[in-house]
Amino acid sequence: MQEERRETTASTAPLALTAAAAAVLLAAMYRDVGAYFWQRWLTEDAYHHCLFVPAVVAWLIWRRRETLRELVPAPSWSGLAMVGAGALLYVLAVRTGVRVAIGLSFPILVIGLTWTALGGRYTAAVAYPLVLLLFLIPVPRHILGHIGMPLQVWSAEGAARAGHALGLPVVHDGINLTLNGHTYVIAEACSGLNSLLALLLAAAVLVDVMAVRWSSRLVLLAIPAIVLAANTVRLTSVLLFAEFAGPQFAMDSLVHGGSDIVIYLVALLFTWALIDLVSERRLLAIILARDDHAHHCRQLSVAEESPP
């Protein structure tokens, strides 16, 4: 037993040293851009979820621990191609000062180093969690504005239509909603953009935890529509509060901010339900139910054909 432990320790020691050296190197390479990203994560509502990404990635890898125990590390030179690609992107991004590209090089390097040190099978087992490191990268502000503006317009239009259906005298003009002489501007913070990025991360975790097949993970494309619908409901509720309780009450931080949290949770619930519909567990249950029904029908047919 002691000899086995010594052999295990001896075999894992070089890997541990390699991992420690790689971690130190990556920390030095990404120190400056990491500080910039950290500042945006803390100060911008759209990126608060980034603070949880490292823990989420670590947890998803930990869930694969049984599979990883069965694999034997097999270093592969093939991984150096990805390491080279990540290093080239990093150098070019640093020289041009493009922080997003520097951030993009990080998961490429991590996956490439994993491939080189542990082999293709190990890398395939942890590739999906490592890809989620992309959620660490804040989208440039000008791109964020291009995404947020359509959401602002569509949310305002949806809330206006819903308000008309409920009998509210809402006047819609671009991102402005006017009700009883009071104008409500659907700002970027009210566009649903903050919920969109956080919900995409949550959905990406759910499809992995709920064992959704790769072909069915296209369900993630429905997330923007869910966020838009949820935000429309939130804005409509604010208009209803303004109509029946007054504008000041509707814009109160408890109502305005609280509705944001509630609607996000509702959107998360709908996302979970949608992902559950395409999960392997649900598909297996449907197949089993169909087989049971067919078997039952065959038994009834045999019983009817049998002579008394």
# chains A, B, ... in the order shown; residues from 1 in each chain; ligands from 1
call {"tool": "residues_around", "arguments": {"residues": "Ala162 in chain A", "least_positions_apart": "4", "cutoff": "8 Å", "atoms": "only C-alpha atoms", "output": "PDB file with N, CA and C atoms, in the first residue's frame"}}
result
ATOM      1  N   GLY A 158     -42.591  46.432 -26.430  1.00  0.00           N
ATOM      2  CA  GLY A 158     -43.358  45.343 -25.824  1.00  0.00           C
ATOM      3  C   GLY A 158     -44.172  45.817 -24.640  1.00  0.00           C
ATOM      4  N   LEU A 166     -53.810  46.157 -21.608  1.00  0.00           N
ATOM      5  CA  LEU A 166     -54.371  46.247 -20.254  1.00  0.00           C
ATOM      6  C   LEU A 166     -55.170  47.529 -20.040  1.00  0.00           C
ATOM      7  N   THR A 236     -43.869  46.480 -17.812  1.00  0.00           N
ATOM      8  CA  THR A 236     -45.332  46.598 -17.756  1.00  0.00           C
ATOM      9  C   THR A 236     -45.810  46.696 -16.314  1.00  0.00           C
TER      10      THR A 236
END
call {"tool": "closest_residue", "arguments": {"among": "A:Ala35, A:Leu89, A:Val100, A:Ala198", "to": "Pro224 in chain A", "atoms": "only C-alpha atoms"}}
result
A:Ala198
call {"tool": "residues_around", "arguments": {"residues": "range 48-64 of chain A", "least_positions_apart": "5", "cutoff": "9 Å", "atoms": "only C-alpha atoms", "output": "list in words"}}
result
Trp38, Arg40, Trp41, Leu42, Thr43, Arg69, Ala125, Val126, Tyr128, Pro129, Leu130, Val131, Leu132, Leu133, Phe135, Leu136, Ile137, Pro138, Asn194, Leu197, Ala198, Leu201, Val205, Asp208 and Val209 of chain A
call {"tool": "residues_around", "arguments": {"residues": "Leu274 in chain A", "least_positions_apart": "4", "cutoff": "8 Å", "atoms": "only C-alpha atoms", "output": "VMD selection string"}}
result
chain A and resid 219 270 278
call {"tool": "select_by_dssp", "arguments": {"residues": "range 84-257 of chain A", "states": "strand (DSSP E)", "output": "ChimeraX atom specification"}}
result
/A:170-173,176-179,182-185
call {"tool": "atom_distance", "arguments": {"atom1": "CA of Leu68 in chain A", "atom2": "CA of Leu80 in chain A"}}
result
21.6 Å
call {"tool": "residues_around", "arguments": {"residues": "Leu144 in chain A", "least_positions_apart": "2", "cutoff": "12 Å", "atoms": "only C-alpha atoms", "output": "number ranges by chain"}}
result
A: 44, 46-47, 138-142, 146-151, 188-189, 191-194, 196-197
call {"tool": "select_by_dssp", "arguments": {"residues": "range 35-264 of chain A", "states": "helix (DSSP H, G or I)", "output": "PyMOL selection string"}}
result
chain A and resi 35-43+45-62+65-69+79-96+99-118+120-136+141-165+188-190+193-209+214-245+247-250+253-264
call {"tool": "closest_residue", "arguments": {"among": "A:Ala87, A:Leu71, A:Leu221, A:Leu206", "to": "Ala124 in chain A", "atoms": "only C-alpha atoms"}}
result
A:Leu71
call {"tool": "atom_distance", "arguments": {"atom1": "CA of Gly163 in chain A", "atom2": "CA of Ala225 in chain A"}}
result
19.3 Å
call {"tool": "closest_residue", "arguments": {"among": "A:Asp260, A:Ile108, A:Leu25, A:Leu240", "to": "Val170 in chain A", "atoms": "only C-alpha atoms"}}
result
A:Leu240
call {"tool": "atom_distance", "arguments": {"atom1": "CA of Gly120 in chain A", "atom2": "CA of Ser216 in chain A"}}
result
24.2 Å
call {"tool": "residues_around", "arguments": {"residues": "Leu179 in chain A", "least_positions_apart": "2", "cutoff": "12 Å", "atoms": "only C-alpha atoms", "output": "JSON, numbers by chain"}}
result
{"A": [159, 160, 163, 164, 167, 168, 169, 170, 171, 172, 173, 176, 177, 181, 182, 183, 184, 185, 236, 238, 239, 240, 241, 242, 243, 244, 246, 247, 250]}
call {"tool": "decode", "arguments": {"residues": "range 14-55 of chain A", "atoms": "N, CA and C atoms", "output": "PDB file, in the first residue's frame"}}
result
ATOM      1  N   PRO A  14       5.525  15.596 -10.812  1.00  0.00           N
ATOM      2  CA  PRO A  14       5.892  16.445 -11.969  1.00  0.00           C
ATOM      3  C   PRO A  14       4.712  17.238 -12.516  1.00  0.00           C
ATOM      4  N   LEU A  15       3.522  16.622 -12.523  1.00  0.00           N
ATOM      5  CA  LEU A  15       2.334  17.325 -13.008  1.00  0.00           C
ATOM      6  C   LEU A  15       1.994  18.503 -12.099  1.00  0.00           C
ATOM      7  N   ALA A  16       2.121  18.279 -10.783  1.00  0.00           N
ATOM      8  CA  ALA A  16       1.827  19.358  -9.833  1.00  0.00           C
ATOM      9  C   ALA A  16       2.804  20.514 -10.006  1.00  0.00           C
ATOM     10  N   LEU A  17       4.072  20.192 -10.196  1.00  0.00           N
ATOM     11  CA  LEU A  17       5.070  21.240 -10.405  1.00  0.00           C
ATOM     12  C   LEU A  17       4.823  21.985 -11.716  1.00  0.00           C
ATOM     13  N   THR A  18       4.454  21.231 -12.750  1.00  0.00           N
ATOM     14  CA  THR A  18       4.150  21.864 -14.036  1.00  0.00           C
ATOM     15  C   THR A  18       2.950  22.787 -13.921  1.00  0.00           C
ATOM     16  N   ALA A  19       1.907  22.308 -13.205  1.00  0.00           N
ATOM     17  CA  ALA A  19       0.702  23.125 -13.021  1.00  0.00           C
ATOM     18  C   ALA A  19       1.018  24.383 -12.234  1.00  0.00           C
ATOM     19  N   ALA A  20       1.848  24.263 -11.189  1.00  0.00           N
ATOM     20  CA  ALA A  20       2.212  25.424 -10.379  1.00  0.00           C
ATOM     21  C   ALA A  20       3.003  26.432 -11.210  1.00  0.00           C
ATOM     22  N   ALA A  21       3.940  25.931 -12.027  1.00  0.00           N
ATOM     23  CA  ALA A  21       4.731  26.821 -12.868  1.00  0.00           C
ATOM     24  C   ALA A  21       3.856  27.527 -13.896  1.00  0.00           C
ATOM     25  N   ALA A  22       2.906  26.781 -14.487  1.00  0.00           N
ATOM     26  CA  ALA A  22       1.996  27.378 -15.467  1.00  0.00           C
ATOM     27  C   ALA A  22       1.114  28.433 -14.820  1.00  0.00           C
ATOM     28  N   ALA A  23       0.657  28.167 -13.589  1.00  0.00           N
ATOM     29  CA  ALA A  23      -0.194  29.125 -12.887  1.00  0.00           C
ATOM     30  C   ALA A  23       0.564  30.426 -12.597  1.00  0.00           C
ATOM     31  N   VAL A  24       1.809  30.299 -12.172  1.00  0.00           N
ATOM     32  CA  VAL A  24       2.620  31.487 -11.897  1.00  0.00           C
ATOM     33  C   VAL A  24       2.850  32.284 -13.182  1.00  0.00           C
ATOM     34  N   LEU A  25       3.149  31.568 -14.272  1.00  0.00           N
ATOM     35  CA  LEU A  25       3.390  32.231 -15.553  1.00  0.00           C
ATOM     36  C   LEU A  25       2.141  32.965 -16.034  1.00  0.00           C
ATOM     37  N   LEU A  26       0.991  32.304 -15.949  1.00  0.00           N
ATOM     38  CA  LEU A  26      -0.262  32.927 -16.395  1.00  0.00           C
ATOM     39  C   LEU A  26      -0.621  34.128 -15.522  1.00  0.00           C
ATOM     40  N   ALA A  27      -0.376  34.008 -14.210  1.00  0.00           N
ATOM     41  CA  ALA A  27      -0.662  35.128 -13.308  1.00  0.00           C
ATOM     42  C   ALA A  27       0.173  36.347 -13.672  1.00  0.00           C
ATOM     43  N   ALA A  28       1.439  36.118 -14.035  1.00  0.00           N
ATOM     44  CA  ALA A  28       2.300  37.233 -14.422  1.00  0.00           C
ATOM     45  C   ALA A  28       1.869  37.833 -15.760  1.00  0.00           C
ATOM     46  N   MET A  29       1.474  36.967 -16.700  1.00  0.00           N
ATOM     47  CA  MET A  29       1.074  37.433 -18.029  1.00  0.00           C
ATOM     48  C   MET A  29      -0.200  38.273 -17.981  1.00  0.00           C
ATOM     49  N   TYR A  30      -1.147  37.856 -17.143  1.00  0.00           N
ATOM     50  CA  TYR A  30      -2.473  38.487 -17.160  1.00  0.00           C
ATOM     51  C   TYR A  30      -2.708  39.392 -15.956  1.00  0.00           C
ATOM     52  N   ARG A  31      -1.644  39.799 -15.292  1.00  0.00           N
ATOM     53  CA  ARG A  31      -1.790  40.636 -14.098  1.00  0.00           C
ATOM     54  C   ARG A  31      -2.467  41.960 -14.418  1.00  0.00           C
ATOM     55  N   ASP A  32      -1.982  42.651 -15.435  1.00  0.00           N
ATOM     56  CA  ASP A  32      -2.510  43.982 -15.741  1.00  0.00           C
ATOM     57  C   ASP A  32      -3.940  43.927 -16.270  1.00  0.00           C
ATOM     58  N   VAL A  33      -4.181  43.070 -17.250  1.00  0.00           N
ATOM     59  CA  VAL A  33      -5.532  42.989 -17.805  1.00  0.00           C
ATOM     60  C   VAL A  33      -6.490  42.408 -16.774  1.00  0.00           C
ATOM     61  N   GLY A  34      -5.974  41.533 -15.905  1.00  0.00           N
ATOM     62  CA  GLY A  34      -6.808  40.985 -14.845  1.00  0.00           C
ATOM     63  C   GLY A  34      -7.278  42.058 -13.881  1.00  0.00           C
ATOM     64  N   ALA A  35      -6.393  43.003 -13.563  1.00  0.00           N
ATOM     65  CA  ALA A  35      -6.768  44.114 -12.682  1.00  0.00           C
ATOM     66  C   ALA A  35      -7.839  44.983 -13.336  1.00  0.00           C
ATOM     67  N   TYR A  36      -7.706  45.192 -14.642  1.00  0.00           N
ATOM     68  CA  TYR A  36      -8.707  45.983 -15.378  1.00  0.00           C
ATOM     69  C   TYR A  36     -10.050  45.261 -15.388  1.00  0.00           C
ATOM     70  N   PHE A  37     -10.038  43.963 -15.661  1.00  0.00           N
ATOM     71  CA  PHE A  37     -11.281  43.184 -15.660  1.00  0.00           C
ATOM     72  C   PHE A  37     -11.919  43.190 -14.270  1.00  0.00           C
ATOM     73  N   TRP A  38     -11.096  43.038 -13.256  1.00  0.00           N
ATOM     74  CA  TRP A  38     -11.592  43.013 -11.873  1.00  0.00           C
ATOM     75  C   TRP A  38     -12.333  44.305 -11.534  1.00  0.00           C
ATOM     76  N   GLN A  39     -11.771  45.427 -11.977  1.00  0.00           N
ATOM     77  CA  GLN A  39     -12.403  46.714 -11.710  1.00  0.00           C
ATOM     78  C   GLN A  39     -13.774  46.796 -12.393  1.00  0.00           C
ATOM     79  N   ARG A  40     -13.885  46.275 -13.615  1.00  0.00           N
ATOM     80  CA  ARG A  40     -15.165  46.302 -14.313  1.00  0.00           C
ATOM     81  C   ARG A  40     -16.160  45.333 -13.677  1.00  0.00           C
ATOM     82  N   TRP A  41     -15.677  44.187 -13.213  1.00  0.00           N
ATOM     83  CA  TRP A  41     -16.580  43.232 -12.555  1.00  0.00           C
ATOM     84  C   TRP A  41     -17.225  43.858 -11.318  1.00  0.00           C
ATOM     85  N   LEU A  42     -16.470  44.637 -10.585  1.00  0.00           N
ATOM     86  CA  LEU A  42     -16.954  45.209  -9.333  1.00  0.00           C
ATOM     87  C   LEU A  42     -17.856  46.417  -9.546  1.00  0.00           C
ATOM     88  N   THR A  43     -17.600  47.200 -10.588  1.00  0.00           N
ATOM     89  CA  THR A  43     -18.273  48.491 -10.741  1.00  0.00           C
ATOM     90  C   THR A  43     -19.414  48.491 -11.754  1.00  0.00           C
ATOM     91  N   GLU A  44     -19.492  47.502 -12.634  1.00  0.00           N
ATOM     92  CA  GLU A  44     -20.533  47.480 -13.659  1.00  0.00           C
ATOM     93  C   GLU A  44     -21.509  46.340 -13.389  1.00  0.00           C
ATOM     94  N   ASP A  45     -22.792  46.693 -13.296  1.00  0.00           N
ATOM     95  CA  ASP A  45     -23.813  45.708 -12.962  1.00  0.00           C
ATOM     96  C   ASP A  45     -23.854  44.540 -13.945  1.00  0.00           C
ATOM     97  N   ALA A  46     -23.531  44.795 -15.199  1.00  0.00           N
ATOM     98  CA  ALA A  46     -23.619  43.752 -16.222  1.00  0.00           C
ATOM     99  C   ALA A  46     -22.593  42.649 -16.019  1.00  0.00           C
ATOM    100  N   TYR A  47     -21.592  42.901 -15.151  1.00  0.00           N
ATOM    101  CA  TYR A  47     -20.495  41.939 -15.024  1.00  0.00           C
ATOM    102  C   TYR A  47     -20.282  41.422 -13.615  1.00  0.00           C
ATOM    103  N   HIS A  48     -21.221  41.657 -12.726  1.00  0.00           N
ATOM    104  CA  HIS A  48     -21.072  41.121 -11.371  1.00  0.00           C
ATOM    105  C   HIS A  48     -20.986  39.593 -11.381  1.00  0.00           C
ATOM    106  N   HIS A  49     -21.661  38.960 -12.350  1.00  0.00           N
ATOM    107  CA  HIS A  49     -21.649  37.498 -12.414  1.00  0.00           C
ATOM    108  C   HIS A  49     -20.254  36.943 -12.709  1.00  0.00           C
ATOM    109  N   CYS A  50     -19.371  37.772 -13.296  1.00  0.00           N
ATOM    110  CA  CYS A  50     -18.022  37.308 -13.622  1.00  0.00           C
ATOM    111  C   CYS A  50     -17.253  36.878 -12.372  1.00  0.00           C
ATOM    112  N   LEU A  51     -17.606  37.458 -11.229  1.00  0.00           N
ATOM    113  CA  LEU A  51     -16.925  37.120  -9.979  1.00  0.00           C
ATOM    114  C   LEU A  51     -17.112  35.647  -9.617  1.00  0.00           C
ATOM    115  N   PHE A  52     -18.176  35.025 -10.110  1.00  0.00           N
ATOM    116  CA  PHE A  52     -18.472  33.637  -9.758  1.00  0.00           C
ATOM    117  C   PHE A  52     -17.930  32.638 -10.780  1.00  0.00           C
ATOM    118  N   VAL A  53     -17.424  33.137 -11.906  1.00  0.00           N
ATOM    119  CA  VAL A  53     -16.998  32.229 -12.985  1.00  0.00           C
ATOM    120  C   VAL A  53     -15.900  31.266 -12.541  1.00  0.00           C
ATOM    121  N   PRO A  54     -14.815  31.715 -11.879  1.00  0.00           N
ATOM    122  CA  PRO A  54     -13.783  30.749 -11.474  1.00  0.00           C
ATOM    123  C   PRO A  54     -14.338  29.623 -10.593  1.00  0.00           C
ATOM    124  N   ALA A  55     -15.198  29.974  -9.653  1.00  0.00           N
ATOM    125  CA  ALA A  55     -15.777  28.949  -8.778  1.00  0.00           C
ATOM    126  C   ALA A  55     -16.679  28.006  -9.567  1.00  0.00           C
TER     127      ALA A  55
END
